[in-house]
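Asks: Okay, handing you the structure first.
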Amino acid sequence: MTLRLLLAAFLLIWLVRCSAPSPSHPIQLRDFFATPGKRGFNAAVYGTMENVGDRPDTLDRIETAVAAQVELHRSREIDGVVAMEPVPGPVVLAPDAPLRLRPGSYHLMLLDLQRDCFPGDTIVLTLKFRRSPSQRLSVPVRGAR
Amino acid sequence: MVVRRRTVKPQGKSNKARHFSAGLLPYGGTRRGKWRFSLYLLPGVLLGIIAVLLASCSSELPVEHDLSQLSFALVDQYGRSIRFPADFQDTVLLVAFIYTSCPDICPLTTDRMVQISSQIPENAPVRFVLITLDPLRDTPQRLREFAELYDLSQQRWRLLTADLATIDSLRQVMDIYAVRSPMRQLENGKAYYFINHTDALCLFDQQGRERQRYKGSEADIEAVVADVRRLLAAQ
């Protein structure tokens, strides 16, 4: 019985550690949220990534079970026309140069959702960095205000 | 009554100088000239005041695009035929061009419209219309799913699609730019594209005329609501 309790407590602590970004991780992830989308739609993820370490790192890949692919995209407006395009090349996170993902600007694009994501749901992303350990991030889905 | 006049010497003077001397310009000239000047000025001032009053009046929002004599055959999110804008006569419309594969700008515009909608009484003759720029993918079923995601009420919202030629024709009449990005392929083999497009929210009056245009994703909620109320009041 005691062993089971210990195992359950260990499992709980491990889950909490995985879902919340570690405060000691060199890449701090803040204020993340996602737009909703049905299966086959795309969704966007916003938030802030900040390298609080002392050397640059690179975001190599983002994995998730809810989308076929995740890419860093940017929306831009030129003369009243908005265009959305993938950001080419490696995503370098320099110290003290936060990458702010905001509506109408940079965002993580969840392409081809594999399931419905309604407001109130949670999307789990795994961010893989070149130097720092991977981070598992839980992102709430928000609807219209 | 004798009015003394200053001596005017037109010889060798330009017209401007002559007018100055005759009191047609604000400074200088005779007392009578000043009076005459005021008389000339008065109608101008009155006209200016009237113009300002009219400009602030609802019915004087300029007509940006007149679609009152046009009819576009569209289909709503339930598969029902809609003649746009004829079927919305006597209704104020807020119209945006979006596509459901856009997760960034188009949800922002939709979100703005939802906020505007929340400030207008449910029984007001106002409808919210989203017209797709991507009719190849945005079927009525997909538009219905989009409405479900953003909790867009069945009574108040119409999400419209059509064949590509009709959508192109409508957006050209309304000066809405839209062009597909190059086709790309996902790792799972699926092809996808985006659409670069005008970020616009258009206010239509009860006669099917576009009366005001805002930047869709950043529209000033209060300003749009005020314009909607002006059009409702002008009915």
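Going by the structure tokens order, chains are called A, B, ..., each with residues numbered from 1, while ligands are numbered from 1 in the order shown.
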Residues of chain A in alpha helix (DSSP H) according to DSSP, as a list in words?

Replies: Thr2, Leu3, Arg4, Leu5, Leu6, Leu7, Ala8, Ala9, Phe10, Leu11, Leu12, Ile13, Trp14, Leu15, Val16, Arg17, Cys18 and Ser19 of chain A

Asks: Kindly save the residues from that selection, with N, CA and C atoms included, as a PDB file, in the first residue's frame.

Replies:
```pdb
ATOM      1  N   THR A   2       1.880   1.272   0.921  1.00  0.00           N
ATOM      2  CA  THR A   2       2.785   2.421   0.998  1.00  0.00           C
ATOM      3  C   THR A   2       3.548   2.577  -0.307  1.00  0.00           C
ATOM      4  N   LEU A   3       3.958   1.435  -0.854  1.00  0.00           N
ATOM      5  CA  LEU A   3       4.710   1.460  -2.114  1.00  0.00           C
ATOM      6  C   LEU A   3       3.862   2.074  -3.235  1.00  0.00           C
ATOM      7  N   ARG A   4       2.575   1.681  -3.250  1.00  0.00           N
ATOM      8  CA  ARG A   4       1.660   2.211  -4.275  1.00  0.00           C
ATOM      9  C   ARG A   4       1.504   3.725  -4.126  1.00  0.00           C
ATOM     10  N   LEU A   5       1.374   4.150  -2.871  1.00  0.00           N
ATOM     11  CA  LEU A   5       1.245   5.594  -2.631  1.00  0.00           C
ATOM     12  C   LEU A   5       2.488   6.343  -3.083  1.00  0.00           C
ATOM     13  N   LEU A   6       3.624   5.756  -2.760  1.00  0.00           N
ATOM     14  CA  LEU A   6       4.901   6.379  -3.162  1.00  0.00           C
ATOM     15  C   LEU A   6       5.004   6.467  -4.679  1.00  0.00           C
ATOM     16  N   LEU A   7       4.614   5.365  -5.335  1.00  0.00           N
ATOM     17  CA  LEU A   7       4.660   5.343  -6.808  1.00  0.00           C
ATOM     18  C   LEU A   7       3.718   6.398  -7.402  1.00  0.00           C
ATOM     19  N   ALA A   8       2.518   6.492  -6.828  1.00  0.00           N
ATOM     20  CA  ALA A   8       1.543   7.480  -7.316  1.00  0.00           C
ATOM     21  C   ALA A   8       2.072   8.892  -7.127  1.00  0.00           C
ATOM     22  N   ALA A   9       2.679   9.145  -5.946  1.00  0.00           N
ATOM     23  CA  ALA A   9       3.229  10.484  -5.671  1.00  0.00           C
ATOM     24  C   ALA A   9       4.351  10.800  -6.648  1.00  0.00           C
ATOM     25  N   PHE A  10       5.205   9.817  -6.921  1.00  0.00           N
ATOM     26  CA  PHE A  10       6.325   9.999  -7.849  1.00  0.00           C
ATOM     27  C   PHE A  10       5.809  10.327  -9.256  1.00  0.00           C
ATOM     28  N   LEU A  11       4.768   9.562  -9.644  1.00  0.00           N
ATOM     29  CA  LEU A  11       4.177   9.755 -10.968  1.00  0.00           C
ATOM     30  C   LEU A  11       3.572  11.168 -11.093  1.00  0.00           C
ATOM     31  N   LEU A  12       2.900  11.584 -10.021  1.00  0.00           N
ATOM     32  CA  LEU A  12       2.274  12.909 -10.015  1.00  0.00           C
ATOM     33  C   LEU A  12       3.332  14.008 -10.142  1.00  0.00           C
ATOM     34  N   ILE A  13       4.395  13.843  -9.357  1.00  0.00           N
ATOM     35  CA  ILE A  13       5.472  14.855  -9.399  1.00  0.00           C
ATOM     36  C   ILE A  13       6.094  14.897 -10.791  1.00  0.00           C
ATOM     37  N   TRP A  14       6.276  13.725 -11.396  1.00  0.00           N
ATOM     38  CA  TRP A  14       6.901  13.650 -12.722  1.00  0.00           C
ATOM     39  C   TRP A  14       6.019  14.336 -13.765  1.00  0.00           C
ATOM     40  N   LEU A  15       4.691  14.076 -13.658  1.00  0.00           N
ATOM     41  CA  LEU A  15       3.742  14.689 -14.608  1.00  0.00           C
ATOM     42  C   LEU A  15       3.746  16.209 -14.480  1.00  0.00           C
ATOM     43  N   VAL A  16       3.731  16.694 -13.243  1.00  0.00           N
ATOM     44  CA  VAL A  16       3.733  18.142 -13.014  1.00  0.00           C
ATOM     45  C   VAL A  16       5.012  18.753 -13.570  1.00  0.00           C
ATOM     46  N   ARG A  17       6.138  18.076 -13.323  1.00  0.00           N
ATOM     47  CA  ARG A  17       7.421  18.600 -13.812  1.00  0.00           C
ATOM     48  C   ARG A  17       7.434  18.658 -15.328  1.00  0.00           C
ATOM     49  N   CYS A  18       6.799  17.629 -15.958  1.00  0.00           N
ATOM     50  CA  CYS A  18       6.803  17.591 -17.421  1.00  0.00           C
ATOM     51  C   CYS A  18       5.907  18.678 -18.009  1.00  0.00           C
ATOM     52  N   SER A  19       4.738  18.941 -17.371  1.00  0.00           N
ATOM     53  CA  SER A  19       3.786  19.854 -17.992  1.00  0.00           C
ATOM     54  C   SER A  19       4.153  21.314 -17.755  1.00  0.00           C
TER      55      SER A  19
END
```

Asks: As number ranges by chain, could you give me every residue of chain A near chain B (at most 6 Å apart, counting only C-alpha atoms)?

Replies: A: 41-44, 80-83, 103-104, 144

Asks: For the residues in the current selection, export N, CA, C and O atoms as a PDB file, in the first residue's frame.

Replies:
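The result, written out as again-v9.pdb:
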```
ATOM      1  N   PHE A  41      -8.164  21.374 -39.863  1.00  0.00           N
ATOM      2  CA  PHE A  41      -7.900  22.816 -39.876  1.00  0.00           C
ATOM      3  C   PHE A  41      -6.444  23.053 -39.458  1.00  0.00           C
ATOM      4  O   PHE A  41      -5.728  22.128 -39.078  1.00  0.00           O
ATOM      5  N   ASN A  42      -6.055  24.310 -39.474  1.00  0.00           N
ATOM      6  CA  ASN A  42      -4.785  24.730 -38.883  1.00  0.00           C
ATOM      7  C   ASN A  42      -5.085  25.519 -37.611  1.00  0.00           C
ATOM      8  O   ASN A  42      -6.185  26.042 -37.456  1.00  0.00           O
ATOM      9  N   ALA A  43      -4.111  25.606 -36.721  1.00  0.00           N
ATOM     10  CA  ALA A  43      -4.270  26.439 -35.523  1.00  0.00           C
ATOM     11  C   ALA A  43      -2.966  27.189 -35.288  1.00  0.00           C
ATOM     12  O   ALA A  43      -1.915  26.811 -35.825  1.00  0.00           O
ATOM     13  N   ALA A  44      -3.036  28.238 -34.505  1.00  0.00           N
ATOM     14  CA  ALA A  44      -1.838  29.026 -34.196  1.00  0.00           C
ATOM     15  C   ALA A  44      -1.572  28.962 -32.697  1.00  0.00           C
ATOM     16  O   ALA A  44      -2.501  28.858 -31.903  1.00  0.00           O
ATOM     17  N   GLY A  80      -2.014  47.045 -46.762  1.00  0.00           N
ATOM     18  CA  GLY A  80      -3.367  46.566 -46.476  1.00  0.00           C
ATOM     19  C   GLY A  80      -3.605  45.106 -46.804  1.00  0.00           C
ATOM     20  O   GLY A  80      -4.688  44.581 -46.581  1.00  0.00           O
ATOM     21  N   VAL A  81      -2.576  44.437 -47.367  1.00  0.00           N
ATOM     22  CA  VAL A  81      -2.708  43.014 -47.700  1.00  0.00           C
ATOM     23  C   VAL A  81      -1.894  42.199 -46.700  1.00  0.00           C
ATOM     24  O   VAL A  81      -0.728  42.492 -46.459  1.00  0.00           O
ATOM     25  N   VAL A  82      -2.539  41.191 -46.108  1.00  0.00           N
ATOM     26  CA  VAL A  82      -1.822  40.363 -45.137  1.00  0.00           C
ATOM     27  C   VAL A  82      -1.346  39.073 -45.800  1.00  0.00           C
ATOM     28  O   VAL A  82      -2.076  38.446 -46.569  1.00  0.00           O
ATOM     29  N   ALA A  83      -0.125  38.721 -45.468  1.00  0.00           N
ATOM     30  CA  ALA A  83       0.476  37.506 -46.026  1.00  0.00           C
ATOM     31  C   ALA A  83       1.060  36.685 -44.890  1.00  0.00           C
ATOM     32  O   ALA A  83       1.592  37.243 -43.927  1.00  0.00           O
ATOM     33  N   PRO A 103      -0.545  37.380 -32.143  1.00  0.00           N
ATOM     34  CA  PRO A 103      -1.479  37.416 -33.272  1.00  0.00           C
ATOM     35  C   PRO A 103      -1.083  38.510 -34.276  1.00  0.00           C
ATOM     36  O   PRO A 103      -0.733  39.617 -33.885  1.00  0.00           O
ATOM     37  N   GLY A 104      -1.097  38.144 -35.538  1.00  0.00           N
ATOM     38  CA  GLY A 104      -0.738  39.095 -36.585  1.00  0.00           C
ATOM     39  C   GLY A 104       0.752  39.242 -36.780  1.00  0.00           C
ATOM     40  O   GLY A 104       1.191  40.142 -37.498  1.00  0.00           O
ATOM     41  N   ALA A 144     -12.968  32.809 -28.988  1.00  0.00           N
ATOM     42  CA  ALA A 144     -13.105  34.263 -29.173  1.00  0.00           C
ATOM     43  C   ALA A 144     -13.364  34.889 -27.798  1.00  0.00           C
ATOM     44  O   ALA A 144     -13.924  34.257 -26.917  1.00  0.00           O
TER      45      ALA A 144
END
```

Asks: Please provide the set of residues having any atom within 12 Å of Phe33 of chain A, restricted to only C-alpha atoms, with same-chain residues fewer than 4 positions apart removed, written as number ranges by chain.

Replies: A: 29, 43-48, 101-103, 107-108, 117, 119-125, 137-143

Asks: So, counting only C-alpha atoms, which residue among A:Asp31, A:Arg55, A:Val91, A:Gln114 is closest to Ala68 of chain A?

Replies: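 Answer, going by the shortest atom-to-atom distance: A:Gln114.
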
Asks: Can you tell me, as a ChimeraX atom specification, what residues are no more than 10 Å from segment 121-125 of chain B when counting only C-alpha atoms, ignoring any on the same chain fewer than 3 positions away?

Replies: /B:88-93,117-118,155-156,206,229,232

Asks: Dump N, CA, C and O atoms for the selected residues as a PDB file, in the first residue's frame?

Replies:
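Result file follows (again38.pdb):
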```pdb
ATOM      1  N   PHE B  88     -30.290  40.499 -48.094  1.00  0.00           N
ATOM      2  CA  PHE B  88     -30.072  41.178 -46.811  1.00  0.00           C
ATOM      3  C   PHE B  88     -30.636  42.598 -46.817  1.00  0.00           C
ATOM      4  O   PHE B  88     -30.218  43.443 -46.032  1.00  0.00           O
ATOM      5  N   GLN B  89     -31.589  42.839 -47.742  1.00  0.00           N
ATOM      6  CA  GLN B  89     -32.171  44.182 -47.810  1.00  0.00           C
ATOM      7  C   GLN B  89     -32.823  44.542 -46.466  1.00  0.00           C
ATOM      8  O   GLN B  89     -33.362  43.665 -45.783  1.00  0.00           O
ATOM      9  N   ASP B  90     -32.745  45.810 -46.124  1.00  0.00           N
ATOM     10  CA  ASP B  90     -33.289  46.323 -44.846  1.00  0.00           C
ATOM     11  C   ASP B  90     -32.483  45.852 -43.648  1.00  0.00           C
ATOM     12  O   ASP B  90     -32.944  45.927 -42.507  1.00  0.00           O
ATOM     13  N   THR B  91     -31.277  45.333 -43.898  1.00  0.00           N
ATOM     14  CA  THR B  91     -30.425  44.857 -42.810  1.00  0.00           C
ATOM     15  C   THR B  91     -29.059  45.508 -42.943  1.00  0.00           C
ATOM     16  O   THR B  91     -28.527  45.606 -44.042  1.00  0.00           O
ATOM     17  N   VAL B  92     -28.520  45.943 -41.835  1.00  0.00           N
ATOM     18  CA  VAL B  92     -27.143  46.448 -41.834  1.00  0.00           C
ATOM     19  C   VAL B  92     -26.221  45.227 -41.777  1.00  0.00           C
ATOM     20  O   VAL B  92     -26.460  44.291 -41.012  1.00  0.00           O
ATOM     21  N   LEU B  93     -25.184  45.239 -42.606  1.00  0.00           N
ATOM     22  CA  LEU B  93     -24.279  44.085 -42.667  1.00  0.00           C
ATOM     23  C   LEU B  93     -22.862  44.487 -42.283  1.00  0.00           C
ATOM     24  O   LEU B  93     -22.382  45.558 -42.675  1.00  0.00           O
ATOM     25  N   SER B 117     -20.562  42.288 -32.261  1.00  0.00           N
ATOM     26  CA  SER B 117     -21.878  41.645 -32.147  1.00  0.00           C
ATOM     27  C   SER B 117     -22.400  41.703 -30.712  1.00  0.00           C
ATOM     28  O   SER B 117     -23.595  41.924 -30.482  1.00  0.00           O
ATOM     29  N   SER B 118     -21.472  41.532 -29.761  1.00  0.00           N
ATOM     30  CA  SER B 118     -21.895  41.500 -28.347  1.00  0.00           C
ATOM     31  C   SER B 118     -22.404  42.869 -27.874  1.00  0.00           C
ATOM     32  O   SER B 118     -23.054  42.954 -26.845  1.00  0.00           O
ATOM     33  N   GLN B 155     -28.591  32.504 -35.942  1.00  0.00           N
ATOM     34  CA  GLN B 155     -29.541  33.538 -36.334  1.00  0.00           C
ATOM     35  C   GLN B 155     -28.825  34.750 -36.936  1.00  0.00           C
ATOM     36  O   GLN B 155     -29.278  35.350 -37.895  1.00  0.00           O
ATOM     37  N   ARG B 156     -27.662  35.076 -36.376  1.00  0.00           N
ATOM     38  CA  ARG B 156     -27.040  36.351 -36.706  1.00  0.00           C
ATOM     39  C   ARG B 156     -25.913  36.249 -37.737  1.00  0.00           C
ATOM     40  O   ARG B 156     -25.607  37.220 -38.418  1.00  0.00           O
ATOM     41  N   GLN B 206     -28.593  49.338 -45.465  1.00  0.00           N
ATOM     42  CA  GLN B 206     -29.791  48.518 -45.704  1.00  0.00           C
ATOM     43  C   GLN B 206     -30.107  48.389 -47.189  1.00  0.00           C
ATOM     44  O   GLN B 206     -30.959  47.601 -47.563  1.00  0.00           O
ATOM     45  N   ARG B 229     -24.810  51.897 -35.472  1.00  0.00           N
ATOM     46  CA  ARG B 229     -25.962  52.592 -34.858  1.00  0.00           C
ATOM     47  C   ARG B 229     -26.422  53.763 -35.722  1.00  0.00           C
ATOM     48  O   ARG B 229     -27.619  54.040 -35.828  1.00  0.00           O
ATOM     49  N   LEU B 232     -28.461  52.368 -38.493  1.00  0.00           N
ATOM     50  CA  LEU B 232     -29.754  51.905 -37.982  1.00  0.00           C
ATOM     51  C   LEU B 232     -30.676  53.097 -37.741  1.00  0.00           C
ATOM     52  O   LEU B 232     -31.862  53.046 -38.047  1.00  0.00           O
TER      53      LEU B 232
END
```
